[in-house]
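> Sharing run30.pdb below, PDB, C-alpha atoms and all ligand atoms:
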```
ATOM      1  CA  MET F   1      -8.406 -21.903  27.637  1.00  0.00           C
ATOM      2  CA  THR F   2      -9.891 -20.561  24.473  1.00  0.00           C
ATOM      3  CA  GLU F   3      -8.235 -20.000  21.151  1.00  0.00           C
ATOM      4  CA  LYS F   4      -8.612 -17.255  18.589  1.00  0.00           C
ATOM      5  CA  ASN F   5      -7.380 -17.632  15.036  1.00  0.00           C
ATOM      6  CA  PHE F   6      -6.866 -15.018  12.352  1.00  0.00           C
ATOM      7  CA  VAL F   7      -7.028 -15.730   8.658  1.00  0.00           C
ATOM      8  CA  THR F   8      -5.479 -13.585   5.943  1.00  0.00           C
ATOM      9  CA  LYS F   9      -6.873 -14.421   2.535  1.00  0.00           C
ATOM     10  CA  ILE F  10      -4.593 -13.556  -0.387  1.00  0.00           C
ATOM     11  CA  GLN F  11      -5.710 -13.906  -3.980  1.00  0.00           C
ATOM     12  CA  ILE F  12      -2.819 -14.223  -6.418  1.00  0.00           C
ATOM     13  CA  TYR F  13      -3.206 -12.782  -9.907  1.00  0.00           C
ATOM     14  CA  SER F  14      -1.148 -12.147 -12.989  1.00  0.00           C
ATOM     15  CA  TYR F  15      -1.314  -8.616 -14.404  1.00  0.00           C
ATOM     16  CA  ASN F  16      -3.477  -9.738 -17.328  1.00  0.00           C
ATOM     17  CA  GLU F  17      -6.080 -11.198 -14.969  1.00  0.00           C
ATOM     18  CA  LEU F  18      -6.740  -7.813 -13.354  1.00  0.00           C
ATOM     19  CA  ASN F  19      -9.626  -5.522 -14.286  1.00  0.00           C
ATOM     20  CA  ASP F  20      -8.824  -2.172 -15.930  1.00  0.00           C
ATOM     21  CA  GLU F  21      -9.156  -0.199 -12.678  1.00  0.00           C
ATOM     22  CA  ASP F  22      -6.613  -2.413 -10.931  1.00  0.00           C
ATOM     23  CA  LYS F  23      -4.254  -2.428 -13.937  1.00  0.00           C
ATOM     24  CA  ASN F  24      -4.301   1.369 -13.926  1.00  0.00           C
ATOM     25  CA  LEU F  25      -3.492   1.503 -10.227  1.00  0.00           C
ATOM     26  CA  VAL F  26      -0.694  -1.063 -10.606  1.00  0.00           C
ATOM     27  CA  ASP F  27       0.792   0.973 -13.467  1.00  0.00           C
ATOM     28  CA  LYS F  28       0.699   4.135 -11.370  1.00  0.00           C
ATOM     29  CA  ALA F  29       2.346   2.425  -8.381  1.00  0.00           C
ATOM     30  CA  LYS F  30       5.146   1.197 -10.638  1.00  0.00           C
ATOM     31  CA  GLU F  31       5.543   4.664 -12.145  1.00  0.00           C
ATOM     32  CA  ALA F  32       5.643   6.145  -8.629  1.00  0.00           C
ATOM     33  CA  THR F  33       8.814   4.200  -7.793  1.00  0.00           C
ATOM     34  CA  LYS F  34      10.600   6.689 -10.088  1.00  0.00           C
ATOM     35  CA  ALA F  35       9.682   9.480  -7.648  1.00  0.00           C
ATOM     36  CA  SER F  36      11.310   7.612  -4.766  1.00  0.00           C
ATOM     37  CA  TYR F  37      14.321   9.242  -3.117  1.00  0.00           C
ATOM     38  CA  ALA F  38      16.235   6.264  -1.733  1.00  0.00           C
ATOM     39  CA  PRO F  39      19.998   6.887  -1.969  1.00  0.00           C
ATOM     40  CA  TYR F  40      20.634   4.991   1.291  1.00  0.00           C
ATOM     41  CA  SER F  41      18.570   1.819   0.865  1.00  0.00           C
ATOM     42  CA  ASN F  42      18.313   1.762  -2.932  1.00  0.00           C
ATOM     43  CA  PHE F  43      14.854   0.289  -2.250  1.00  0.00           C
ATOM     44  CA  HIS F  44      12.330   2.286  -4.246  1.00  0.00           C
ATOM     45  CA  VAL F  45       8.725   1.950  -3.074  1.00  0.00           C
ATOM     46  CA  GLY F  46       5.789   3.255  -5.051  1.00  0.00           C
ATOM     47  CA  ALA F  47       2.184   3.427  -3.918  1.00  0.00           C
ATOM     48  CA  ALA F  48      -0.981   4.500  -5.677  1.00  0.00           C
ATOM     49  CA  LEU F  49      -4.315   5.143  -3.993  1.00  0.00           C
ATOM     50  CA  LEU F  50      -7.706   5.238  -5.610  1.00  0.00           C
ATOM     51  CA  LEU F  51     -10.094   7.420  -3.648  1.00  0.00           C
ATOM     52  CA  ASP F  52     -13.865   7.000  -3.606  1.00  0.00           C
ATOM     53  CA  ASN F  53     -14.165  10.234  -5.607  1.00  0.00           C
ATOM     54  CA  GLY F  54     -12.147   8.710  -8.468  1.00  0.00           C
ATOM     55  CA  VAL F  55      -8.955  10.652  -7.775  1.00  0.00           C
ATOM     56  CA  THR F  56      -5.670   8.732  -7.854  1.00  0.00           C
ATOM     57  CA  ILE F  57      -2.816   9.786  -5.591  1.00  0.00           C
ATOM     58  CA  ILE F  58       0.713   8.451  -5.728  1.00  0.00           C
ATOM     59  CA  GLY F  59       3.394   8.257  -3.080  1.00  0.00           C
ATOM     60  CA  ALA F  60       7.001   7.167  -2.935  1.00  0.00           C
ATOM     61  CA  ASN F  61       9.467   6.644  -0.116  1.00  0.00           C
ATOM     62  CA  GLN F  62      11.581   9.679   0.770  1.00  0.00           C
ATOM     63  CA  GLU F  63      14.777   9.048   2.711  1.00  0.00           C
ATOM     64  CA  ASN F  64      17.303  11.337   4.369  1.00  0.00           C
ATOM     65  CA  ALA F  65      20.659  11.039   6.122  1.00  0.00           C
ATOM     66  CA  ALA F  66      19.021  11.077   9.557  1.00  0.00           C
ATOM     67  CA  PHE F  67      17.180   7.836   8.632  1.00  0.00           C
ATOM     68  CA  ALA F  68      13.905   9.494   9.489  1.00  0.00           C
ATOM     69  CA  GLY F  69      12.311   9.161   6.082  1.00  0.00           C
ATOM     70  CA  THR F  70       8.806   8.235   5.091  1.00  0.00           C
ATOM     71  CA  CYS F  71       7.588   5.093   3.371  1.00  0.00           C
ATOM     72  CA  GLY F  72       5.809   5.240   0.035  1.00  0.00           C
ATOM     73  CA  GLU F  73       2.508   4.076   1.518  1.00  0.00           C
ATOM     74  CA  ARG F  74       2.423   6.822   4.149  1.00  0.00           C
ATOM     75  CA  SER F  75       3.631   9.376   1.628  1.00  0.00           C
ATOM     76  CA  ALA F  76       0.506   8.572  -0.389  1.00  0.00           C
ATOM     77  CA  CYS F  77      -2.084   8.293   2.387  1.00  0.00           C
ATOM     78  CA  TYR F  78      -0.918  11.458   4.175  1.00  0.00           C
ATOM     79  CA  ASN F  79      -1.167  13.270   0.855  1.00  0.00           C
ATOM     80  CA  ALA F  80      -4.746  11.988   0.547  1.00  0.00           C
ATOM     81  CA  GLY F  81      -5.558  13.001   4.114  1.00  0.00           C
ATOM     82  CA  ALA F  82      -4.193  16.500   3.574  1.00  0.00           C
ATOM     83  CA  ASN F  83      -5.750  17.147   0.168  1.00  0.00           C
ATOM     84  CA  TYR F  84      -8.965  15.095   0.348  1.00  0.00           C
ATOM     85  CA  PRO F  85      -9.875  14.919   4.033  1.00  0.00           C
ATOM     86  CA  GLY F  86     -12.698  12.506   4.755  1.00  0.00           C
ATOM     87  CA  VAL F  87     -12.686  10.914   1.297  1.00  0.00           C
ATOM     88  CA  PRO F  88     -12.342   7.135   1.739  1.00  0.00           C
ATOM     89  CA  ILE F  89      -9.446   5.299   0.134  1.00  0.00           C
ATOM     90  CA  LYS F  90     -11.000   2.576  -2.005  1.00  0.00           C
ATOM     91  CA  LYS F  91      -7.805   0.679  -2.733  1.00  0.00           C
ATOM     92  CA  ILE F  92      -4.039   0.917  -2.586  1.00  0.00           C
ATOM     93  CA  ALA F  93      -1.426  -0.623  -4.870  1.00  0.00           C
ATOM     94  CA  ILE F  94       2.119  -0.982  -3.549  1.00  0.00           C
ATOM     95  CA  THR F  95       5.301  -2.085  -5.288  1.00  0.00           C
ATOM     96  CA  SER F  96       9.045  -2.085  -4.653  1.00  0.00           C
ATOM     97  CA  PHE F  97      11.938  -1.774  -7.093  1.00  0.00           C
ATOM     98  CA  THR F  98      15.577  -2.541  -6.349  1.00  0.00           C
ATOM     99  CA  ARG F  99      18.668  -3.711  -8.240  1.00  0.00           C
ATOM    100  CA  GLY F 100      16.966  -3.293 -11.594  1.00  0.00           C
ATOM    101  CA  ASN F 101      13.799  -5.276 -10.867  1.00  0.00           C
ATOM    102  CA  PHE F 102      10.463  -5.139  -9.138  1.00  0.00           C
ATOM    103  CA  VAL F 103      10.654  -7.301  -6.036  1.00  0.00           C
ATOM    104  CA  GLU F 104       9.195 -10.823  -6.190  1.00  0.00           C
ATOM    105  CA  PRO F 105       7.298 -11.977  -4.219  1.00  0.00           C
ATOM    106  CA  PRO F 106       5.621  -8.622  -3.578  1.00  0.00           C
ATOM    107  CA  THR F 107       6.585  -6.767  -0.423  1.00  0.00           C
ATOM    108  CA  ALA F 108       3.934  -5.905   2.151  1.00  0.00           C
ATOM    109  CA  PRO F 109       3.678  -2.618   4.064  1.00  0.00           C
ATOM    110  CA  CYS F 110       5.786  -2.209   7.215  1.00  0.00           C
ATOM    111  CA  GLY F 111       4.071  -2.192  10.612  1.00  0.00           C
ATOM    112  CA  VAL F 112       3.969   1.589  10.865  1.00  0.00           C
ATOM    113  CA  CYS F 113       2.263   1.878   7.484  1.00  0.00           C
ATOM    114  CA  ARG F 114      -0.200  -0.864   8.375  1.00  0.00           C
ATOM    115  CA  GLN F 115      -1.203   1.121  11.454  1.00  0.00           C
ATOM    116  CA  ALA F 116      -1.505   4.383   9.487  1.00  0.00           C
ATOM    117  CA  LEU F 117      -3.516   2.783   6.694  1.00  0.00           C
ATOM    118  CA  LEU F 118      -5.737   0.943   9.176  1.00  0.00           C
ATOM    119  CA  GLU F 119      -6.750   4.236  10.723  1.00  0.00           C
ATOM    120  CA  PHE F 120      -7.747   5.587   7.296  1.00  0.00           C
ATOM    121  CA  GLU F 121      -9.728   2.382   6.749  1.00  0.00           C
ATOM    122  CA  THR F 122     -11.375   2.641  10.173  1.00  0.00           C
ATOM    123  CA  GLN F 123     -12.320   6.296   9.631  1.00  0.00           C
ATOM    124  CA  ALA F 124     -13.858   5.392   6.267  1.00  0.00           C
ATOM    125  CA  GLY F 125     -15.894   2.615   7.874  1.00  0.00           C
ATOM    126  CA  LYS F 126     -15.258   0.228   5.007  1.00  0.00           C
ATOM    127  CA  PRO F 127     -12.431  -1.983   3.760  1.00  0.00           C
ATOM    128  CA  MET F 128      -9.498  -0.615   1.770  1.00  0.00           C
ATOM    129  CA  GLU F 129      -8.492  -3.183  -0.816  1.00  0.00           C
ATOM    130  CA  VAL F 130      -4.754  -3.895  -0.901  1.00  0.00           C
ATOM    131  CA  ILE F 131      -2.869  -4.782  -4.086  1.00  0.00           C
ATOM    132  CA  LEU F 132       0.720  -5.909  -3.550  1.00  0.00           C
ATOM    133  CA  VAL F 133       2.593  -5.803  -6.817  1.00  0.00           C
ATOM    134  CA  GLY F 134       5.587  -8.001  -7.553  1.00  0.00           C
ATOM    135  CA  ARG F 135       7.612  -8.514 -10.711  1.00  0.00           C
ATOM    136  CA  ASP F 136       5.331 -11.367 -11.825  1.00  0.00           C
ATOM    137  CA  LYS F 137       2.614 -11.934  -9.243  1.00  0.00           C
ATOM    138  CA  ILE F 138       0.037  -9.610  -7.760  1.00  0.00           C
ATOM    139  CA  TYR F 139      -1.415 -10.313  -4.332  1.00  0.00           C
ATOM    140  CA  LYS F 140      -4.853  -8.934  -3.527  1.00  0.00           C
ATOM    141  CA  LEU F 141      -6.201  -8.646   0.002  1.00  0.00           C
ATOM    142  CA  GLU F 142      -9.661  -7.543   1.067  1.00  0.00           C
ATOM    143  CA  SER F 143      -8.561  -4.997   3.648  1.00  0.00           C
ATOM    144  CA  ILE F 144      -5.723  -3.455   5.643  1.00  0.00           C
ATOM    145  CA  LYS F 145      -7.327  -5.017   8.709  1.00  0.00           C
ATOM    146  CA  SER F 146      -6.458  -8.439   7.318  1.00  0.00           C
ATOM    147  CA  LEU F 147      -2.781  -7.401   7.450  1.00  0.00           C
ATOM    148  CA  LEU F 148      -2.959  -6.153  11.033  1.00  0.00           C
ATOM    149  CA  PRO F 149      -4.876  -8.416  13.381  1.00  0.00           C
ATOM    150  CA  LEU F 150      -4.901  -7.251  17.009  1.00  0.00           C
ATOM    151  CA  ALA F 151      -4.242  -3.706  15.881  1.00  0.00           C
ATOM    152  CA  PHE F 152      -3.201  -1.087  18.433  1.00  0.00           C
ATOM    153  CA  SER F 153      -6.553   0.714  18.110  1.00  0.00           C
ATOM    154  CA  GLU F 154      -8.363  -2.300  19.500  1.00  0.00           C
ATOM    155  CA  PHE F 155      -6.821  -1.999  22.959  1.00  0.00           C
TER     156      PHE F 155
HETATM  157 ZN    ZN F 201       6.101   1.632   5.822  1.00  0.00          ZN
END
```
So, in terms of structure tokens, how does the structure I just supplied come out?
Ligand SMILES: [Zn+2]

Amino acid sequence: MTEKNFVTKIQIYSYNELNDEDKNLVDKAKEATKASYAPYSNFHVGAALLLDNGVTIIGANQENAAFAGTCGERSACYNAGANYPGVPIKKIAITSFTRGNFVEPPTAPCGVCRQALLEFETQAGKPMEVILVGRDKIYKLESIKSLLPLAFSEF
């Protein structure tokens, strides 16, 4: 028998500890929650991507009565893929807003979004930094890969 362990390193920051680039992305993710269409869940997700070319793209969850909506993270990365094909995503900030507050602790992407984002990261050939934004705390991770060990693409 052998054993394999996976480690996910999370660095926890306050907003004021972030550099200007990260603060800007956090602000845009929070602003993006206002573009969410979530009449069924009342859970408004905002995402902001910083591309390697300096462009920022936002996304927000979009629901419908058939419950076949799209998460904020995929809304953003598919927008990037369609409008800036081949341009790596340097980092992504994600936040959630419900019942009058940003969610604390920060929420992490769902499994489907992790898979989608991992494929963008894999295509880019370099890590996509992840910034999970809560009401008070901000979690930073080095890559999407760290959120999805044993990813589907590895089989
Ligand atoms: Zn998702």
> What does the PyMOL selection byres (((chain F and resi 110) around 12) and not hetatm) select in this file, as a PDB file with C-alpha atoms, in the frame of the given file?

```
ATOM      1  CA  VAL F  45       8.725   1.950  -3.074  1.00  0.00           C
ATOM      2  CA  THR F  70       8.806   8.235   5.091  1.00  0.00           C
ATOM      3  CA  CYS F  71       7.588   5.093   3.371  1.00  0.00           C
ATOM      4  CA  GLY F  72       5.809   5.240   0.035  1.00  0.00           C
ATOM      5  CA  GLU F  73       2.508   4.076   1.518  1.00  0.00           C
ATOM      6  CA  ARG F  74       2.423   6.822   4.149  1.00  0.00           C
ATOM      7  CA  ILE F  94       2.119  -0.982  -3.549  1.00  0.00           C
ATOM      8  CA  THR F 107       6.585  -6.767  -0.423  1.00  0.00           C
ATOM      9  CA  ALA F 108       3.934  -5.905   2.151  1.00  0.00           C
ATOM     10  CA  PRO F 109       3.678  -2.618   4.064  1.00  0.00           C
ATOM     11  CA  GLY F 111       4.071  -2.192  10.612  1.00  0.00           C
ATOM     12  CA  VAL F 112       3.969   1.589  10.865  1.00  0.00           C
ATOM     13  CA  CYS F 113       2.263   1.878   7.484  1.00  0.00           C
ATOM     14  CA  ARG F 114      -0.200  -0.864   8.375  1.00  0.00           C
ATOM     15  CA  GLN F 115      -1.203   1.121  11.454  1.00  0.00           C
ATOM     16  CA  ALA F 116      -1.505   4.383   9.487  1.00  0.00           C
ATOM     17  CA  LEU F 117      -3.516   2.783   6.694  1.00  0.00           C
ATOM     18  CA  ILE F 144      -5.723  -3.455   5.643  1.00  0.00           C
ATOM     19  CA  LEU F 147      -2.781  -7.401   7.450  1.00  0.00           C
ATOM     20  CA  LEU F 148      -2.959  -6.153  11.033  1.00  0.00           C
TER      21      LEU F 148
END
```
> Which residues, named as in the file, does the PyMOL selection byres (((chain F and resi 77) around 12) and not hetatm) pick out? Answer as JSON, numbers by chain.
{"F": [46, 47, 48, 49, 50, 51, 56, 57, 58, 59, 60, 61, 70, 71, 72, 73, 74, 75, 76, 78, 79, 80, 81, 82, 83, 84, 85, 86, 87, 88, 89, 90, 91, 92, 93, 94, 113, 114, 115, 116, 117, 118, 119, 120, 121, 128]}
> One number please: atom CA of Lys23 of chain F to atom CA of Arg135 of chain F, in Å, one decimal.
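We find that atom CA of Lys23 of chain F and atom CA of Arg135 of chain F lie 13.7 Å from each other.
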> Running the PyMOL selection byres (((chain F and resi 42) around 12) and not hetatm) on this model by hand, what would come out? Give it as a list in words.
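This file, filtered by the PyMOL selection byres (((chain F and resi 42) around 12) and not hetatm), leaves Thr33, Lys34, Ser36, Tyr37, Ala38, Pro39, Tyr40, Ser41, Phe43, His44, Val45, Asn61, Gln62, Glu63, Ser96, Phe97, Thr98, Arg99, Gly100 and Asn101 of chain F.
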> Give me, please, the distance in Å between atom CA of Ile10 of chain F and atom CA of Ala32 of chain F, quoted to one decimal.
23.7 Å
> To one decimal place, how far is atom CA of Lys137 of chain F from atom CA of Ser14 of chain F in Å?
5.3 Å
> Which residue, F:Leu132, F:Ala68, F:Leu25, F:Val7, has the smallest gap to Val55 of chain F when you use only C-alpha atoms?
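Checking each candidate against Val55 of chain F, we get F:Leu25 as the closest.
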> When you count all atoms listed in the file, which of these residues is closest to ligand ZN 201 (chain F): F:Asn24, F:Ala65, F:Thr95, F:Glu31?
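Closest to ligand ZN 201 (chain F) of all the choices is F:Thr95.
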> When you count all atoms listed in the file, which of these residues is closest to ligand ZN 201 (chain F): F:Gln11, F:Lys4, F:Gly125, F:Gly69?
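Once distances to ligand ZN 201 (chain F) are computed over all atoms listed in the file, the minimum belongs to F:Gly69.
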> Starting from the incomplete input, reconstruct N, CA and C atoms of segment 114-129 of chain F and report them as a PDB file, keeping the file's coordinate frame.

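Contents of part-v7.pdb, freshly written:
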```pdb
ATOM      1  N   ARG F 114       1.045  -0.110   8.132  1.00  0.00           N
ATOM      2  CA  ARG F 114      -0.200  -0.864   8.375  1.00  0.00           C
ATOM      3  C   ARG F 114      -1.070  -0.120   9.378  1.00  0.00           C
ATOM      4  N   GLN F 115      -0.449   0.382  10.445  1.00  0.00           N
ATOM      5  CA  GLN F 115      -1.203   1.121  11.454  1.00  0.00           C
ATOM      6  C   GLN F 115      -1.810   2.387  10.848  1.00  0.00           C
ATOM      7  N   ALA F 116      -1.005   3.133  10.086  1.00  0.00           N
ATOM      8  CA  ALA F 116      -1.505   4.383   9.487  1.00  0.00           C
ATOM      9  C   ALA F 116      -2.660   4.099   8.530  1.00  0.00           C
ATOM     10  N   LEU F 117      -2.479   3.107   7.670  1.00  0.00           N
ATOM     11  CA  LEU F 117      -3.516   2.783   6.694  1.00  0.00           C
ATOM     12  C   LEU F 117      -4.774   2.246   7.375  1.00  0.00           C
ATOM     13  N   LEU F 118      -4.581   1.472   8.445  1.00  0.00           N
ATOM     14  CA  LEU F 118      -5.737   0.943   9.176  1.00  0.00           C
ATOM     15  C   LEU F 118      -6.605   2.071   9.724  1.00  0.00           C
ATOM     16  N   GLU F 119      -5.963   3.137  10.168  1.00  0.00           N
ATOM     17  CA  GLU F 119      -6.750   4.236  10.723  1.00  0.00           C
ATOM     18  C   GLU F 119      -7.533   4.966   9.627  1.00  0.00           C
ATOM     19  N   PHE F 120      -6.971   5.050   8.423  1.00  0.00           N
ATOM     20  CA  PHE F 120      -7.747   5.587   7.296  1.00  0.00           C
ATOM     21  C   PHE F 120      -8.927   4.660   7.001  1.00  0.00           C
ATOM     22  N   GLU F 121      -8.669   3.357   7.015  1.00  0.00           N
ATOM     23  CA  GLU F 121      -9.728   2.382   6.749  1.00  0.00           C
ATOM     24  C   GLU F 121     -10.818   2.459   7.817  1.00  0.00           C
ATOM     25  N   THR F 122     -10.415   2.569   9.066  1.00  0.00           N
ATOM     26  CA  THR F 122     -11.375   2.641  10.173  1.00  0.00           C
ATOM     27  C   THR F 122     -12.225   3.899  10.072  1.00  0.00           C
ATOM     28  N   GLN F 123     -11.578   5.035   9.778  1.00  0.00           N
ATOM     29  CA  GLN F 123     -12.320   6.296   9.631  1.00  0.00           C
ATOM     30  C   GLN F 123     -13.342   6.203   8.508  1.00  0.00           C
ATOM     31  N   ALA F 124     -12.960   5.513   7.423  1.00  0.00           N
ATOM     32  CA  ALA F 124     -13.858   5.392   6.267  1.00  0.00           C
ATOM     33  C   ALA F 124     -15.031   4.462   6.573  1.00  0.00           C
ATOM     34  N   GLY F 125     -14.827   3.540   7.513  1.00  0.00           N
ATOM     35  CA  GLY F 125     -15.894   2.615   7.874  1.00  0.00           C
ATOM     36  C   GLY F 125     -16.128   1.523   6.852  1.00  0.00           C
ATOM     37  N   LYS F 126     -15.139   1.306   5.992  1.00  0.00           N
ATOM     38  CA  LYS F 126     -15.258   0.228   5.007  1.00  0.00           C
ATOM     39  C   LYS F 126     -13.861  -0.216   4.587  1.00  0.00           C
ATOM     40  N   PRO F 127     -13.750  -1.440   4.063  1.00  0.00           N
ATOM     41  CA  PRO F 127     -12.431  -1.983   3.760  1.00  0.00           C
ATOM     42  C   PRO F 127     -11.699  -1.218   2.654  1.00  0.00           C
ATOM     43  N   MET F 128     -10.385  -1.146   2.800  1.00  0.00           N
ATOM     44  CA  MET F 128      -9.498  -0.615   1.770  1.00  0.00           C
ATOM     45  C   MET F 128      -8.806  -1.813   1.133  1.00  0.00           C
ATOM     46  N   GLU F 129      -9.106  -2.048  -0.128  1.00  0.00           N
ATOM     47  CA  GLU F 129      -8.492  -3.183  -0.816  1.00  0.00           C
ATOM     48  C   GLU F 129      -6.986  -2.938  -0.977  1.00  0.00           C
TER      49      GLU F 129
END
```
